[in-house]
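As provided, work28.cif (mmCIF, C-alpha atoms) reads as follows.
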```cif
data_query
loop_
_atom_site.label_atom_id
_atom_site.label_comp_id
_atom_site.auth_asym_id
_atom_site.auth_seq_id
_atom_site.Cartn_x
_atom_site.Cartn_y
_atom_site.Cartn_z
CA MET A 928 25.42 -58.80 15.31
CA SER A 929 26.40 -55.11 15.30
CA ASP A 930 22.97 -53.68 14.65
CA LEU A 931 20.48 -51.23 16.16
CA ARG A 932 18.83 -53.92 18.31
CA ASN A 933 22.17 -54.87 19.83
CA TYR A 934 22.80 -51.23 20.77
CA ILE A 935 19.27 -50.80 22.18
CA SER A 936 19.82 -53.84 24.43
CA GLN A 937 23.06 -52.23 25.66
CA ILE A 938 21.41 -48.95 26.65
CA LYS A 939 18.52 -50.86 28.25
CA LYS A 940 21.02 -52.57 30.57
CA ILE A 941 22.30 -49.22 31.81
CA ASN A 942 18.73 -47.84 32.24
CA ASP A 943 19.24 -45.24 29.52
CA LEU A 944 16.15 -46.24 27.51
CA LYS A 945 12.49 -45.55 28.34
CA THR A 946 9.64 -47.33 26.54
CA VAL A 947 6.41 -45.50 25.63
CA LYS A 948 3.46 -47.88 25.28
CA THR A 949 0.81 -45.14 24.96
CA LYS A 950 -0.40 -44.58 21.38
CA VAL A 951 1.37 -41.53 19.89
CA SER A 952 1.17 -39.60 16.64
CA THR A 953 3.96 -38.86 14.18
CA LYS A 954 2.54 -35.35 13.81
CA PHE A 955 4.36 -33.20 16.41
CA GLU A 956 3.71 -35.53 19.38
CA ILE A 957 6.81 -37.75 18.96
CA ALA A 958 8.91 -34.63 18.31
CA GLY A 959 7.49 -32.93 21.40
CA ILE A 960 8.24 -35.91 23.66
CA THR A 961 11.77 -36.18 22.22
CA ALA A 962 12.36 -32.46 22.86
CA LYS A 963 11.20 -32.88 26.47
CA VAL A 964 13.77 -35.66 27.12
CA ASP A 965 16.61 -33.83 25.36
CA GLY A 966 19.91 -34.40 27.14
CA SER A 967 18.62 -37.45 29.03
CA TYR A 968 17.44 -40.96 28.05
CA ALA A 969 16.56 -42.49 24.68
CA VAL A 970 12.91 -43.30 23.96
CA LEU A 971 11.36 -46.32 22.22
CA PHE A 972 7.79 -45.76 20.97
CA GLU A 973 5.96 -49.09 20.61
CA ASN A 974 2.48 -47.89 19.60
CA ILE A 975 2.33 -45.42 16.72
CA LYS A 976 -0.98 -44.21 15.34
CA GLU A 977 0.07 -43.94 11.68
CA SER A 978 2.33 -47.01 11.33
CA ASN A 979 2.94 -50.58 12.49
CA PHE A 980 6.66 -49.85 12.88
CA GLN A 981 8.26 -49.00 16.25
CA LEU A 982 10.36 -45.83 16.55
CA VAL A 983 13.41 -44.87 18.62
CA SER A 984 14.58 -41.29 19.23
CA ASN A 985 17.33 -39.47 21.15
CA LEU A 986 19.42 -42.60 20.58
CA VAL A 987 22.87 -41.02 20.99
CA GLY A 988 21.64 -37.80 22.57
CA THR A 989 24.29 -37.77 25.33
CA ARG A 990 28.08 -38.10 25.25
CA LYS A 991 27.73 -41.20 27.43
CA ARG A 992 25.63 -43.03 24.81
CA PHE A 993 27.72 -41.61 21.97
CA ALA A 994 30.82 -43.07 23.66
CA LEU A 995 29.07 -46.42 24.07
CA ALA A 996 28.28 -46.43 20.34
CA VAL A 997 31.96 -46.10 19.39
CA GLY A 998 33.13 -48.61 22.01
CA GLY A 999 34.77 -46.07 24.29
CA THR A 1000 34.24 -43.79 27.27
CA GLU A 1001 33.42 -40.09 27.47
CA ASN A 1002 37.14 -39.41 27.99
CA ASN A 1003 38.42 -41.26 24.93
CA ILE A 1004 35.74 -40.66 22.26
CA HIS A 1005 38.15 -38.74 20.03
CA GLU A 1006 40.91 -41.32 20.32
CA LYS A 1007 38.42 -44.05 19.33
CA ILE A 1008 37.19 -42.15 16.27
CA ILE A 1009 40.67 -41.03 15.16
CA SER A 1010 41.96 -44.59 15.51
CA ALA A 1011 39.00 -45.94 13.49
CA ILE A 1012 39.71 -43.43 10.70
CA LYS A 1013 43.38 -44.43 10.58
CA LYS A 1014 42.66 -48.17 10.77
CA ALA A 1015 39.53 -48.26 8.59
CA LYS A 1016 38.94 -51.78 7.26
CA LYS A 1017 36.50 -53.25 4.78
CA PRO A 1018 33.53 -55.25 6.14
CA LYS A 1019 32.76 -58.73 4.86
CA ILE A 1020 29.98 -59.25 2.32
CA THR A 1021 27.40 -61.85 3.38
CA GLY A 1022 24.32 -63.37 1.73
CA SER A 1023 20.80 -62.23 2.54
CA GLY A 1024 20.47 -59.45 5.08
CA LYS A 1025 17.88 -59.52 7.87
CA PHE A 1026 16.09 -56.61 6.22
CA MET A 1027 15.07 -58.94 3.35
CA GLU A 1028 12.36 -60.43 5.62
CA ASN A 1029 9.73 -58.03 4.19
CA LYS A 1030 9.28 -56.07 0.96
CA SER A 1031 7.02 -53.15 0.04
CA LYS A 1032 6.52 -50.38 -2.53
CA ASN A 1033 4.97 -47.89 -0.13
CA LEU A 1034 7.29 -45.38 1.57
CA LEU A 1035 4.39 -44.02 3.62
CA SER A 1036 4.17 -47.26 5.64
CA MET A 1037 7.06 -45.91 7.72
CA PRO A 1038 6.40 -43.62 10.74
CA ILE A 1039 7.87 -40.50 9.14
CA VAL A 1040 7.72 -37.70 11.71
CA THR A 1041 6.41 -34.16 11.27
CA HIS A 1042 8.66 -32.24 13.67
CA PHE A 1043 8.09 -28.47 13.44
CA GLU A 1044 5.09 -26.31 12.56
CA LYS A 1045 6.60 -24.45 9.58
CA GLU A 1046 8.63 -27.23 7.93
CA SER A 1047 7.55 -28.18 4.39
CA GLY A 1048 6.45 -31.62 5.56
CA PRO A 1049 7.51 -34.70 7.52
CA PHE A 1050 11.16 -35.77 7.15
CA ILE A 1051 13.23 -38.90 7.55
CA THR A 1052 16.15 -37.49 9.51
CA SER A 1053 18.33 -40.53 10.24
CA SER A 1054 18.80 -41.81 6.69
CA VAL A 1055 22.26 -42.79 5.46
CA ALA A 1056 22.63 -42.86 1.65
CA TYR A 1057 25.08 -45.12 -0.23
CA ALA A 1058 26.36 -44.43 -3.76
CA LYS A 1059 29.24 -45.51 -5.97
CA ASN A 1060 32.11 -43.05 -6.49
CA PRO A 1061 32.34 -42.58 -10.29
CA GLU A 1062 36.15 -42.17 -10.21
CA THR A 1063 37.22 -44.93 -7.81
CA GLY A 1064 34.29 -47.36 -7.96
CA LYS A 1065 34.21 -47.39 -4.15
CA GLN A 1066 31.08 -46.60 -2.19
CA ASN A 1067 30.38 -43.40 -0.30
CA SER A 1068 28.01 -43.19 2.66
CA SER A 1069 26.57 -39.96 4.04
CA PHE A 1070 23.62 -38.45 5.93
CA HIS A 1071 20.74 -36.98 3.88
CA ARG A 1072 17.26 -36.01 4.95
CA LEU A 1073 14.26 -37.11 2.91
CA MET A 1074 10.80 -35.58 2.53
CA PRO A 1075 8.02 -37.82 1.15
CA ILE A 1076 6.20 -36.57 -1.96
CA ASP A 1077 4.06 -39.68 -2.55
CA LYS A 1078 4.28 -43.46 -2.00
CA THR A 1079 7.34 -43.89 -4.23
CA HIS A 1080 9.13 -40.50 -4.23
CA PHE A 1081 11.16 -38.40 -1.79
CA SER A 1082 12.96 -35.11 -2.15
CA ILE A 1083 16.58 -35.65 -1.03
CA ARG A 1084 18.61 -32.86 0.58
CA MET A 1085 22.18 -32.67 -0.75
CA VAL A 1086 24.80 -30.03 -0.01
CA GLU A 1087 26.49 -28.85 -3.20
CA GLY A 1088 30.07 -30.04 -3.50
CA ARG A 1089 29.73 -32.84 -0.95
CA HIS A 1090 30.33 -36.40 -2.10
CA LEU A 1091 26.81 -37.62 -2.90
CA HIS A 1092 26.12 -34.42 -4.82
CA ARG A 1093 29.33 -34.89 -6.82
CA CYS A 1094 28.25 -38.44 -7.69
CA PHE A 1095 24.83 -37.11 -8.72
CA VAL A 1096 26.32 -34.34 -10.91
CA ASP A 1097 28.60 -36.87 -12.62
CA ALA A 1098 25.65 -39.16 -13.42
CA LYS A 1099 23.59 -36.20 -14.65
CA GLU A 1100 26.43 -35.05 -16.94
CA HIS A 1101 26.41 -38.54 -18.45
CA GLY A 1102 22.64 -38.35 -18.98
CA GLU A 1103 21.91 -40.89 -16.24
CA ASP A 1104 19.97 -41.13 -13.00
CA LEU A 1105 22.09 -42.02 -9.94
CA LYS A 1106 21.37 -45.38 -8.33
CA ILE A 1107 21.56 -45.19 -4.54
CA ALA A 1108 20.60 -47.19 -1.45
CA ILE A 1109 19.30 -45.75 1.82
CA THR A 1110 19.25 -47.25 5.32
CA VAL A 1111 17.17 -46.21 8.32
CA GLY A 1112 17.74 -47.89 11.69
CA VAL A 1113 21.38 -48.94 11.88
CA HIS A 1114 23.88 -49.29 14.72
CA PRO A 1115 24.78 -45.67 15.64
CA ALA A 1116 28.47 -46.32 14.85
CA ILE A 1117 27.37 -46.51 11.18
CA SER A 1118 25.51 -43.20 11.53
CA ILE A 1119 28.53 -41.59 13.22
CA ALA A 1120 30.83 -42.76 10.42
CA GLY A 1121 28.29 -41.56 7.84
CA ALA A 1122 28.34 -38.10 9.43
CA TYR A 1123 32.14 -37.91 9.11
CA GLN A 1124 33.35 -36.09 6.01
CA ALA A 1125 36.01 -38.50 4.75
CA GLU A 1126 38.29 -37.69 1.83
CA TRP A 1127 36.89 -38.09 -1.70
CA GLY A 1128 37.19 -41.75 -2.65
CA LYS A 1129 37.22 -43.08 0.93
CA ASP A 1130 34.34 -45.25 2.14
CA GLU A 1131 32.93 -44.20 5.54
CA ILE A 1132 31.49 -47.69 6.06
CA ASP A 1133 35.08 -48.93 6.56
CA ILE A 1134 35.38 -46.49 9.49
CA ALA A 1135 32.13 -47.88 10.93
CA ASN A 1136 33.50 -51.42 10.68
CA SER A 1137 36.63 -50.37 12.56
CA LEU A 1138 34.49 -48.73 15.30
CA LEU A 1139 32.56 -52.00 15.58
CA GLY A 1140 35.69 -54.11 15.97
CA GLY A 1141 35.49 -55.62 12.47
CA LYS A 1142 32.07 -57.20 13.19
CA LEU A 1143 30.08 -55.30 10.56
CA THR A 1144 28.79 -57.28 7.57
CA LEU A 1145 27.25 -55.97 4.33
CA THR A 1146 24.62 -57.37 1.98
CA ASN A 1147 24.48 -56.73 -1.77
CA LEU A 1148 21.23 -55.26 -3.13
CA PRO A 1149 19.48 -56.55 -6.27
CA PHE A 1150 18.62 -53.29 -8.09
CA SER A 1151 21.44 -50.89 -7.22
CA GLY A 1152 24.24 -53.43 -6.77
CA LEU A 1153 25.27 -51.49 -3.64
CA ASN A 1154 26.27 -52.99 -0.29
CA VAL A 1155 24.45 -51.99 2.90
CA PRO A 1156 24.75 -53.15 6.55
CA SER A 1157 23.15 -56.60 6.88
CA GLY A 1158 21.44 -55.76 10.18
CA SER A 1159 19.71 -52.59 8.91
CA GLU A 1160 16.09 -52.26 10.05
CA ILE A 1161 14.92 -50.57 6.84
CA VAL A 1162 16.59 -50.43 3.41
CA MET A 1163 15.44 -48.51 0.35
CA GLU A 1164 17.00 -48.62 -3.08
CA GLY A 1165 16.21 -46.65 -6.18
CA LYS A 1166 17.58 -43.71 -8.12
CA ILE A 1167 17.94 -39.95 -7.85
CA LEU A 1168 16.27 -38.63 -10.98
CA ARG A 1169 18.49 -36.37 -13.09
CA ASP A 1170 15.67 -34.13 -14.36
CA LYS A 1171 13.24 -33.65 -11.45
CA THR A 1172 13.28 -31.38 -8.40
CA HIS A 1173 10.87 -30.61 -5.58
CA PRO A 1174 10.69 -27.61 -3.20
CA GLU A 1175 11.35 -28.14 0.52
CA TRP A 1176 12.65 -26.36 3.63
CA MET A 1177 13.61 -27.78 7.00
CA VAL A 1178 14.94 -27.04 10.49
CA GLU A 1179 18.71 -27.29 10.69
CA MET A 1180 21.32 -27.78 13.44
CA LEU A 1181 20.88 -24.19 14.62
CA GLN A 1182 17.19 -24.90 15.35
CA THR A 1183 16.27 -22.35 12.67
CA TYR A 1184 14.40 -22.81 9.39
CA ASP A 1185 16.61 -23.14 6.34
CA HIS A 1186 15.60 -21.20 3.23
CA LYS A 1187 13.41 -22.78 0.54
CA ARG A 1188 15.35 -25.00 -1.87
CA SER A 1189 14.52 -27.10 -4.92
CA GLN A 1190 16.05 -30.51 -4.30
CA PRO A 1191 16.45 -33.60 -6.52
CA VAL A 1192 13.86 -36.39 -6.33
CA PHE A 1193 14.54 -40.00 -5.29
CA GLU A 1194 12.38 -42.68 -6.92
CA LEU A 1195 11.85 -45.94 -5.03
CA GLU A 1196 12.51 -49.33 -6.58
CA ASN A 1197 12.48 -51.53 -3.46
CA LEU A 1198 11.66 -51.03 0.22
CA PHE A 1199 12.88 -53.81 2.52
CA PHE A 1200 12.41 -54.10 6.28
CA ARG A 1201 12.90 -56.53 9.14
CA ASN A 1202 10.12 -58.21 11.09
CA ASN A 1203 8.89 -55.75 13.77
CA PRO A 1204 11.06 -52.96 12.29
CA ILE A 1205 12.45 -50.11 14.39
CA PHE A 1206 12.53 -46.70 12.69
CA HIS A 1207 15.09 -44.16 13.97
CA ASP A 1208 14.14 -40.48 14.18
CA VAL A 1209 16.60 -37.66 14.90
CA LEU A 1210 15.10 -34.38 16.16
CA SER A 1211 16.76 -31.61 14.16
CA GLY A 1212 18.66 -28.98 16.15
CA TYR A 1213 18.60 -30.98 19.40
CA SER A 1214 21.33 -32.93 21.20
CA GLU A 1215 21.35 -36.10 19.10
CA HIS A 1216 21.52 -34.18 15.82
CA ARG A 1217 24.30 -31.90 17.08
CA LEU A 1218 26.36 -34.74 18.54
CA LEU A 1219 25.97 -36.93 15.43
CA MET A 1220 27.16 -34.15 13.14
CA GLY A 1221 29.51 -32.25 15.44
CA MET A 1222 31.41 -34.97 17.32
CA PRO A 1223 33.09 -36.56 14.27
CA ILE A 1224 34.26 -33.06 13.25
CA GLU A 1225 35.46 -32.39 16.82
CA SER A 1226 37.47 -35.63 16.63
CA LYS A 1227 38.90 -34.59 13.26
CA LEU A 1228 39.95 -31.18 14.67
CA ASN A 1229 41.57 -32.80 17.70
CA GLY A 1230 43.54 -35.17 15.47
CA GLU A 1231 44.69 -32.59 12.91
CA LEU A 1232 45.55 -29.82 15.37
CA LYS A 1233 47.45 -32.07 17.78
CA LYS A 1234 49.47 -33.38 14.83
CA ALA A 1235 50.26 -29.90 13.44
CA PHE A 1236 50.67 -28.24 16.87
CA PRO A 1237 51.70 -30.69 19.63
CA GLN A 1238 51.03 -27.99 22.24
CA THR A 1239 47.28 -28.44 21.54
CA LEU A 1240 45.61 -30.08 24.53
CA GLN A 1241 41.94 -30.18 23.50
CA VAL A 1242 39.53 -28.83 20.88
CA SER A 1243 35.87 -28.35 21.76
CA MET A 1244 32.99 -27.58 19.38
CA THR A 1245 30.86 -25.51 21.75
CA ASN A 1246 27.21 -26.06 22.63
CA GLY A 1247 26.54 -22.34 22.17
CA GLY A 1248 27.95 -22.61 18.65
CA CYS A 1249 25.55 -25.52 17.96
CA ASN A 1250 28.54 -27.94 17.94
CA TRP A 1251 29.24 -26.70 14.40
CA LEU A 1252 30.05 -22.98 14.09
CA HIS A 1253 32.29 -22.20 17.11
CA ALA A 1254 35.42 -23.97 18.40
CA VAL A 1255 37.63 -23.43 21.45
CA VAL A 1256 41.23 -24.67 21.30
CA GLN A 1257 43.07 -25.24 24.59
CA ILE A 1258 46.87 -25.05 24.30
CA LYS A 1259 50.04 -25.01 26.38
CA LYS A 1260 51.50 -21.87 24.83
CA LYS A 1261 55.21 -21.54 24.14
CA SER A 1262 55.30 -18.36 22.04
CA ASP A 1263 52.97 -15.43 21.40
CA SER A 1264 52.83 -16.15 17.65
CA GLU A 1265 51.28 -19.63 18.06
CA PRO A 1266 47.59 -18.78 18.64
CA LYS A 1267 47.15 -16.99 15.31
CA LYS A 1268 48.71 -19.93 13.42
CA ILE A 1269 46.42 -22.31 15.29
CA ILE A 1270 43.37 -20.17 14.48
CA LYS A 1271 44.25 -20.29 10.77
CA LYS A 1272 44.71 -24.09 10.81
CA THR A 1273 41.42 -24.61 12.68
CA PHE A 1274 39.46 -22.62 10.10
CA GLU A 1275 41.13 -24.61 7.30
CA SER A 1276 40.22 -27.93 8.94
CA HIS A 1277 36.49 -27.19 9.20
CA ARG A 1278 35.22 -24.61 6.72
CA SER A 1279 31.87 -24.15 8.45
CA LEU A 1280 33.53 -22.64 11.53
CA LYS A 1281 32.67 -19.01 12.17
CA GLN A 1282 34.59 -18.39 15.40
CA VAL A 1283 37.75 -19.90 16.90
CA THR A 1284 38.95 -18.99 20.39
CA VAL A 1285 42.35 -20.10 21.72
CA VAL A 1286 42.78 -20.41 25.50
CA ASP A 1287 45.46 -21.50 27.97
CA GLU A 1288 45.68 -24.85 29.77
CA ASP A 1289 44.05 -23.46 32.96
CA ILE A 1290 40.87 -22.51 31.06
CA ASP A 1291 38.15 -25.15 30.57
CA PRO A 1292 37.25 -25.09 26.85
CA ASN A 1293 33.88 -26.73 27.61
CA SER A 1294 32.82 -23.97 30.00
CA ALA A 1295 31.39 -20.83 28.37
CA GLU A 1296 31.97 -18.93 31.62
CA SER A 1297 35.63 -19.99 31.78
CA VAL A 1298 36.22 -19.00 28.12
CA GLU A 1299 34.54 -15.62 28.67
CA TYR A 1300 36.78 -15.12 31.72
CA ALA A 1301 39.83 -15.69 29.49
CA MET A 1302 38.54 -13.09 27.05
CA ALA A 1303 37.90 -10.64 29.88
CA THR A 1304 41.40 -10.95 31.37
CA ARG A 1305 43.74 -12.08 28.53
CA PHE A 1306 42.36 -10.58 25.31
CA GLN A 1307 42.96 -7.18 23.71
CA ALA A 1308 40.77 -6.52 20.66
CA ASP A 1309 43.31 -4.32 18.82
CA LYS A 1310 46.05 -7.00 18.96
CA ASP A 1311 44.38 -10.37 19.57
CA LEU A 1312 41.45 -10.30 17.16
CA ILE A 1313 41.51 -11.72 13.62
CA ILE A 1314 38.67 -10.91 11.21
CA LEU A 1315 38.28 -12.68 7.87
CA LYS A 1316 35.82 -11.11 5.40
CA ASN A 1317 33.90 -12.68 2.50
CA VAL A 1318 35.13 -16.25 3.04
CA ARG A 1319 33.50 -19.65 2.59
CA GLY A 1320 31.23 -20.49 5.50
CA SER A 1321 28.27 -22.62 6.52
CA SER A 1322 25.07 -22.68 4.48
CA LEU A 1323 23.17 -23.04 7.78
CA ASP A 1324 24.03 -19.62 9.26
CA PRO A 1325 21.03 -17.30 8.62
CA SER A 1326 23.17 -14.19 9.21
CA SER A 1327 25.48 -15.09 6.30
CA ASP A 1328 25.03 -14.91 2.53
CA GLN A 1329 23.58 -18.42 2.36
CA LYS A 1330 23.32 -18.61 -1.42
CA LYS A 1331 26.94 -17.62 -2.07
CA LEU A 1332 28.12 -19.46 1.11
CA GLN A 1333 29.99 -16.33 2.19
CA THR A 1334 30.47 -15.16 5.75
CA ALA A 1335 32.83 -13.24 8.06
CA LYS A 1336 34.92 -15.17 10.58
CA MET A 1337 36.51 -14.21 13.87
CA GLY A 1338 39.60 -15.61 15.57
CA ILE A 1339 40.24 -14.71 19.22
CA ASP A 1340 43.58 -15.12 20.99
CA ALA A 1341 42.46 -15.31 24.63
CA THR A 1342 45.81 -16.60 25.94
CA ARG A 1343 48.17 -14.96 28.42
CA SER A 1344 50.75 -12.64 26.90
CA LEU A 1345 54.21 -14.08 27.54
CA SER A 1346 55.68 -10.54 27.59
CA LYS A 1347 53.74 -9.67 30.76
CA ARG A 1348 54.38 -10.87 34.31
CA PRO A 1349 52.86 -14.37 34.75
CA GLU A 1350 51.62 -13.64 38.27
CA GLY A 1351 49.14 -11.16 36.84
CA PHE A 1352 47.23 -14.00 35.13
CA GLU A 1353 47.55 -16.68 37.80
CA LEU A 1354 44.24 -17.90 39.20
CA ALA A 1355 44.51 -17.50 42.97
CA LYS A 1356 44.09 -20.67 45.04
CA ILE A 1357 43.26 -21.30 48.68
CA PRO A 1358 45.39 -24.10 50.17
CA LYS A 1359 43.59 -27.25 51.40
CA ILE A 1360 40.15 -25.91 50.32
CA ASP A 1361 39.21 -29.35 49.00
CA LYS A 1362 39.58 -30.78 52.51
CA ILE A 1363 37.09 -28.37 54.07
CA ASN A 1364 33.68 -29.88 54.82
CA LEU A 1365 31.11 -27.17 55.50
CA LYS A 1366 28.96 -29.52 57.59
CA LYS A 1367 31.71 -29.42 60.19
CA TYR A 1368 31.37 -25.65 60.52
CA ILE A 1369 27.79 -24.80 59.58
CA LYS A 1370 25.00 -26.68 61.35
#
```

Render the structure in this file as structure tokens.
Amino acid sequence: MSDLRNYISQIKKINDLKTVKTKVSTKFEIAGITAKVDGSYAVLFENIKESNFQLVSNLVGTRKRFALAVGGTENNIHEKIISAIKKAKKPKITGSGKFMENKSKNLLSMPIVTHFEKESGPFITSSVAYAKNPETGKQNSSFHRLMPIDKTHFSIRMVEGRHLHRCFVDAKEHGEDLKIAITVGVHPAISIAGAYQAEWGKDEIDIANSLLGGKLTLTNLPFSGLNVPSGSEIVMEGKILRDKTHPEWMVEMLQTYDHKRSQPVFELENLFFRNNPIFHDVLSGYSEHRLLMGMPIESKLNGELKKAFPQTLQVSMTNGGCNWLHAVVQIKKKSDSEPKKIIKKTFESHRSLKQVTVVDEDIDPNSAESVEYAMATRFQADKDLIILKNVRGSSLDPSSDQKKLQTAKMGIDATRSLSKRPEGFELAKIPKIDKINLKKYIK
């Protein structure tokens, strides 16, 4: 079965999972341990002070494990995701899901982690929500963080204008609460698909099924009538109340505190979970969070830019830009007018971008030092800089007008000018340097 346990067994085999048997607390301790292992192995906590559930963190916190989740390698992640988007196919609906093994009415039985000292409370950070599109009748799946209020209520974070929020607004306008389902602890391919911003009316779960080679199955839920992955560890169903809100604030991808917001309230109808359930926690602002959210967008940019501009070699959402706000586009330039067109298209493809830098094929887009070198030697601010004022940006950027979602954006053409002599930009090479072994010369 394509579920979380199957994936955990895969990363165990490659020694990319460590098990913690020592008793740990959900209050800061799990978050602290996860932060310490950032960029390395995943961690399975077997003994949690506040809950009988197990917990896994840093699950796809490296590109290696991210690639494993989508059935590829580090070199073909984007091709795998782009292909899955193009060939998205519906999963089969089966009978009872494994999560039906246990039932509860108490949300607080889960090991919900308190991550940072100034957040408004503990948060479920790996939850994928499922709702029915009011126009097409198809389902939508997307990532939303949840803060417990009591045993049967959460606040649910929704970005205005995104698909779940549009479904909620439609229900509210019709005087109704919105029935939804929520999963925690799924195969990471489902999380990756849920993080992708598909077109309105498209179901991201079809993309997940394609990533999993058509092996994903869904189970229909009794209260909401929605379909969720059969192998989910934890499933909640209930409704987002049309007339209630609750204040909350949280740490975002930039590792900064978001401003205080009043968010709608989810009311629980059913909580289902497997025997010996495994809860999944994502540490906000760290590698797993940034890869989960940023990599599907990076794949989207690679697909759209290569289609519009075949001279595009690679698009990278930079680590320094939190894998969300900055992109570097590597091209094989044919004319001096191309970079500015590419900058415009890149901003259009991902509205949250704040900076786009275009570089030549000899510059590594994943190296901040290499990109800065290109700016130092190939960029002139009076001719190669584009500034866009008062445009739609990311709600996460604390330097922007977060309430109006307005920001300024910068495009940088750091490519060689074709009107100048090419030798002036050529990186000098020493012949046969790769064959020199220093041990032969220096004892």

Dump as a list in words all residues having an atom at most 7 Å from (7.6, -50.5, 6.4), computed in the file's coordinates with all atoms listed in the file.
Phe980, Ser1031, Ser1036, Met1037 and Phe1200 of chain A

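Of the residues under consideration (A:Val1162, A:Ile1313, A:Ala1303, A:Val1086), A:Val1086 shows the shortest atom-to-atom contact distance to A:Gln1329 when counting all atoms listed in the file.
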
Taking the file as shown, what set of residues would the PyMOL selection byres ((chain A and resi 1169-1178) around 10) give back, as an MDAnalysis selection string?
chainID A and resid 1042:1043 1045:1050 1072:1074 1076 1081:1084 1095:1096 1098:1105 1166:1168 1179:1193 1210:1212 1323

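Across the chains present, the PyMOL selection byres ((chain A and resi 1018) around 12) applied to this file returns A:Ser929, A:Ala1015, A:Lys1016, A:Lys1017, A:Lys1019, A:Ile1020, A:Thr1021, A:Ile1117, A:Asp1130, A:Glu1131, A:Ile1132, A:Asp1133, A:Ile1134, A:Ala1135, A:Asn1136, A:Ser1137, A:Leu1138, A:Leu1139, A:Gly1140, A:Gly1141, A:Lys1142, A:Leu1143, A:Thr1144, A:Leu1145, A:Thr1146, A:Asn1154, A:Val1155, A:Pro1156, A:Ser1157.
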
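The result of the PyMOL selection byres ((chain A and resi 997) around 9) on the shown file is Arg992, Phe993, Ala994, Leu995, Ala996, Gly998, Gly999, Thr1000, Ile1004, Lys1007, Ile1008, Pro1115, Ala1116, Ile1119, Ala1135, Leu1138 and Leu1139 of chain A.
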
Test item: which residues lie within 7 Å of (37.0, -8.4, 13.4) counting all atoms listed in the file, as a PyMOL selection string
chain A and resi 1312-1314+1337

Near A:Lys1310, within 12 Å and counting only C-alpha atoms, which residues show up once chain neighbours fewer than 4 positions away are dropped, as a ChimeraX atom specification?
/A:1263-1264,1266-1267,1305-1306,1314,1338-1342,1344

Take the selection from the previous step and output its residues with C-alpha atoms, as a PDB file, in the coordinates of the input.
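Result saved to part-v2.pdb:
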```pdb
ATOM      1  CA  ASP A1263      52.970 -15.430  21.400  1.00  0.00           C
ATOM      2  CA  SER A1264      52.830 -16.150  17.650  1.00  0.00           C
ATOM      3  CA  PRO A1266      47.590 -18.780  18.640  1.00  0.00           C
ATOM      4  CA  LYS A1267      47.150 -16.990  15.310  1.00  0.00           C
ATOM      5  CA  ARG A1305      43.740 -12.080  28.530  1.00  0.00           C
ATOM      6  CA  PHE A1306      42.360 -10.580  25.310  1.00  0.00           C
ATOM      7  CA  ILE A1314      38.670 -10.910  11.210  1.00  0.00           C
ATOM      8  CA  GLY A1338      39.600 -15.610  15.570  1.00  0.00           C
ATOM      9  CA  ILE A1339      40.240 -14.710  19.220  1.00  0.00           C
ATOM     10  CA  ASP A1340      43.580 -15.120  20.990  1.00  0.00           C
ATOM     11  CA  ALA A1341      42.460 -15.310  24.630  1.00  0.00           C
ATOM     12  CA  THR A1342      45.810 -16.600  25.940  1.00  0.00           C
ATOM     13  CA  SER A1344      50.750 -12.640  26.900  1.00  0.00           C
TER      14      SER A1344
END
```

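The shortest atom-to-atom distance to A:Asn985, with all atoms listed in the file taken into account, belongs to A:Asp1208 out of A:Ile1363, A:Asp1208, A:Ala1125, A:Lys1233.
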